[in-house]
Amino acid sequence: MEIYFKDKNTQEVIDGIKSKLGGRKLGDLLEIEAEGEDIRVTIRKMGTSVLEFSHRDQKEGHKWELSKEKLALTHRAFKGEIVEKLTDIIGSMGGKVIS
């Protein structure tokens, strides 16, 4: 899985996702933070899951590739739903998610 933005850096992506999640049920479950230029998504509810995206330089824009995934057993059934919602949010911000 890859996330691509032509015109947003790491902090802008994180701030945009947090803004879009504000007031949503999913927003209460997710913690999104920068680790340098990388992005870490932590899901907490009935277990903890972590998705780590490593930043890759692009000629134009920025790309993050899923480099590490640790899913709690209770989250495996909902992974597709969470990825779909994040994909919609990223798309609404002008980015792309490539599976």
# chains A, B, ... in the order shown; residues from 1 in each chain; ligands from 1
>>> select_by_dssp(residues="chain A", states="helix (DSSP H, G or I)", output="VMD selection string")
chain A and resid 10 to 21 25 to 29 73 to 92
>>> write_last_selection(atoms="N, CA and C atoms", output="mmCIF file, in the first residue's frame")
data_model
loop_
_atom_site.group_PDB
_atom_site.id
_atom_site.type_symbol
_atom_site.label_atom_id
_atom_site.label_comp_id
_atom_site.auth_asym_id
_atom_site.auth_seq_id
_atom_site.Cartn_x
_atom_site.Cartn_y
_atom_site.Cartn_z
ATOM 1 N N THR A 10 4.851 15.628 4.888
ATOM 2 C CA THR A 10 4.400 14.724 5.951
ATOM 3 C C THR A 10 3.469 15.413 6.931
ATOM 4 N N GLN A 11 3.868 16.558 7.452
ATOM 5 C CA GLN A 11 3.051 17.222 8.468
ATOM 6 C C GLN A 11 1.721 17.704 7.899
ATOM 7 N N GLU A 12 1.724 18.175 6.674
ATOM 8 C CA GLU A 12 0.475 18.610 6.033
ATOM 9 C C GLU A 12 -0.490 17.435 5.846
ATOM 10 N N VAL A 13 0.046 16.272 5.498
ATOM 11 C CA VAL A 13 -0.790 15.077 5.348
ATOM 12 C C VAL A 13 -1.395 14.692 6.697
ATOM 13 N N ILE A 14 -0.572 14.648 7.723
ATOM 14 C CA ILE A 14 -1.059 14.276 9.056
ATOM 15 C C ILE A 14 -2.094 15.274 9.552
ATOM 16 N N ASP A 15 -1.814 16.555 9.432
ATOM 17 C CA ASP A 15 -2.766 17.583 9.870
ATOM 18 C C ASP A 15 -4.089 17.481 9.111
ATOM 19 N N GLY A 16 -4.011 17.223 7.814
ATOM 20 C CA GLY A 16 -5.217 17.096 6.999
ATOM 21 C C GLY A 16 -6.053 15.897 7.395
ATOM 22 N N ILE A 17 -5.414 14.759 7.624
ATOM 23 C CA ILE A 17 -6.149 13.558 8.047
ATOM 24 C C ILE A 17 -6.787 13.779 9.401
ATOM 25 N N LYS A 18 -6.045 14.357 10.333
ATOM 26 C CA LYS A 18 -6.607 14.621 11.670
ATOM 27 C C LYS A 18 -7.805 15.561 11.576
ATOM 28 N N SER A 19 -7.702 16.570 10.734
ATOM 29 C CA SER A 19 -8.798 17.509 10.562
ATOM 30 C C SER A 19 -10.038 16.808 10.019
ATOM 31 N N LYS A 20 -9.852 15.941 9.025
ATOM 32 C CA LYS A 20 -10.978 15.215 8.424
ATOM 33 C C LYS A 20 -11.581 14.196 9.390
ATOM 34 N N LEU A 21 -10.761 13.662 10.299
ATOM 35 C CA LEU A 21 -11.250 12.675 11.262
ATOM 36 C C LEU A 21 -11.935 13.311 12.466
ATOM 37 N N LYS A 25 -16.194 8.864 14.551
ATOM 38 C CA LYS A 25 -15.915 7.739 15.443
ATOM 39 C C LYS A 25 -14.513 7.173 15.183
ATOM 40 N N LEU A 26 -14.138 7.086 13.902
ATOM 41 C CA LEU A 26 -12.818 6.569 13.546
ATOM 42 C C LEU A 26 -11.705 7.444 14.127
ATOM 43 N N GLY A 27 -11.955 8.738 14.221
ATOM 44 C CA GLY A 27 -10.976 9.660 14.774
ATOM 45 C C GLY A 27 -10.643 9.383 16.226
ATOM 46 N N ASP A 28 -11.605 8.815 16.956
ATOM 47 C CA ASP A 28 -11.365 8.466 18.359
ATOM 48 C C ASP A 28 -10.473 7.237 18.497
ATOM 49 N N LEU A 29 -10.392 6.430 17.453
ATOM 50 C CA LEU A 29 -9.629 5.187 17.502
ATOM 51 C C LEU A 29 -8.212 5.316 16.966
ATOM 52 N N LEU A 73 -5.357 -9.090 16.615
ATOM 53 C CA LEU A 73 -6.288 -10.108 16.131
ATOM 54 C C LEU A 73 -7.699 -9.546 15.989
ATOM 55 N N THR A 74 -8.108 -8.707 16.923
ATOM 56 C CA THR A 74 -9.456 -8.132 16.889
ATOM 57 C C THR A 74 -9.640 -7.114 15.766
ATOM 58 N N HIS A 75 -8.570 -6.608 15.177
ATOM 59 C CA HIS A 75 -8.665 -5.595 14.124
ATOM 60 C C HIS A 75 -8.630 -6.180 12.718
ATOM 61 N N ARG A 76 -8.215 -7.413 12.580
ATOM 62 C CA ARG A 76 -8.025 -8.000 11.244
ATOM 63 C C ARG A 76 -9.303 -7.981 10.415
ATOM 64 N N ALA A 77 -10.429 -8.216 11.049
ATOM 65 C CA ALA A 77 -11.698 -8.236 10.317
ATOM 66 C C ALA A 77 -12.096 -6.855 9.811
ATOM 67 N N PHE A 78 -11.583 -5.794 10.444
ATOM 68 C CA PHE A 78 -11.974 -4.424 10.106
ATOM 69 C C PHE A 78 -10.929 -3.681 9.285
ATOM 70 N N LYS A 79 -9.823 -4.328 8.947
ATOM 71 C CA LYS A 79 -8.746 -3.659 8.225
ATOM 72 C C LYS A 79 -9.245 -3.048 6.914
ATOM 73 N N GLY A 80 -9.994 -3.803 6.138
ATOM 74 C CA GLY A 80 -10.494 -3.313 4.857
ATOM 75 C C GLY A 80 -11.351 -2.076 5.010
ATOM 76 N N GLU A 81 -12.200 -2.063 6.022
ATOM 77 C CA GLU A 81 -13.086 -0.922 6.269
ATOM 78 C C GLU A 81 -12.282 0.324 6.654
ATOM 79 N N ILE A 82 -11.282 0.152 7.508
ATOM 80 C CA ILE A 82 -10.458 1.280 7.934
ATOM 81 C C ILE A 82 -9.642 1.815 6.758
ATOM 82 N N VAL A 83 -9.049 0.915 5.970
ATOM 83 C CA VAL A 83 -8.269 1.335 4.794
ATOM 84 C C VAL A 83 -9.165 2.077 3.806
ATOM 85 N N GLU A 84 -10.385 1.596 3.619
ATOM 86 C CA GLU A 84 -11.323 2.253 2.706
ATOM 87 C C GLU A 84 -11.648 3.670 3.171
ATOM 88 N N LYS A 85 -11.889 3.842 4.458
ATOM 89 C CA LYS A 85 -12.206 5.175 4.988
ATOM 90 C C LYS A 85 -11.005 6.111 4.871
ATOM 91 N N LEU A 86 -9.816 5.599 5.176
ATOM 92 C CA LEU A 86 -8.611 6.434 5.031
ATOM 93 C C LEU A 86 -8.365 6.782 3.565
ATOM 94 N N THR A 87 -8.635 5.846 2.668
ATOM 95 C CA THR A 87 -8.486 6.100 1.233
ATOM 96 C C THR A 87 -9.409 7.226 0.792
ATOM 97 N N ASP A 88 -10.644 7.213 1.272
ATOM 98 C CA ASP A 88 -11.595 8.279 0.953
ATOM 99 C C ASP A 88 -11.104 9.632 1.470
ATOM 100 N N ILE A 89 -10.594 9.642 2.698
ATOM 101 C CA ILE A 89 -10.099 10.886 3.297
ATOM 102 C C ILE A 89 -8.903 11.413 2.512
ATOM 103 N N ILE A 90 -7.963 10.530 2.204
ATOM 104 C CA ILE A 90 -6.772 10.930 1.454
ATOM 105 C C ILE A 90 -7.168 11.446 0.073
ATOM 106 N N GLY A 91 -8.126 10.785 -0.574
ATOM 107 C CA GLY A 91 -8.620 11.243 -1.875
ATOM 108 C C GLY A 91 -9.246 12.619 -1.802
ATOM 109 N N SER A 92 -9.997 12.882 -0.716
ATOM 110 C CA SER A 92 -10.633 14.189 -0.557
ATOM 111 C C SER A 92 -9.617 15.303 -0.319
#
>>> residues_around(residues="region 36-42 of chain A", least_positions_apart="4", cutoff="10 Å", atoms="only C-alpha atoms", output="count of residues only")
29
>>> select_by_dssp(residues="chain A", states="strand (DSSP E)", output="number ranges by chain")
A: 2-5, 30-35, 38-44, 48-57, 62-70, 96-98
>>> atom_distance(atom1="CA of Gly95 (chain A)", atom2="CA of Asp7 (chain A)")
8.7 Å
>>> atom_distance(atom1="CA of Lys6 (chain A)", atom2="CA of Gly23 (chain A)")
27.1 Å
>>> atom_distance(atom1="CA of Gly61 (chain A)", atom2="CA of Glu2 (chain A)")
12.9 Å
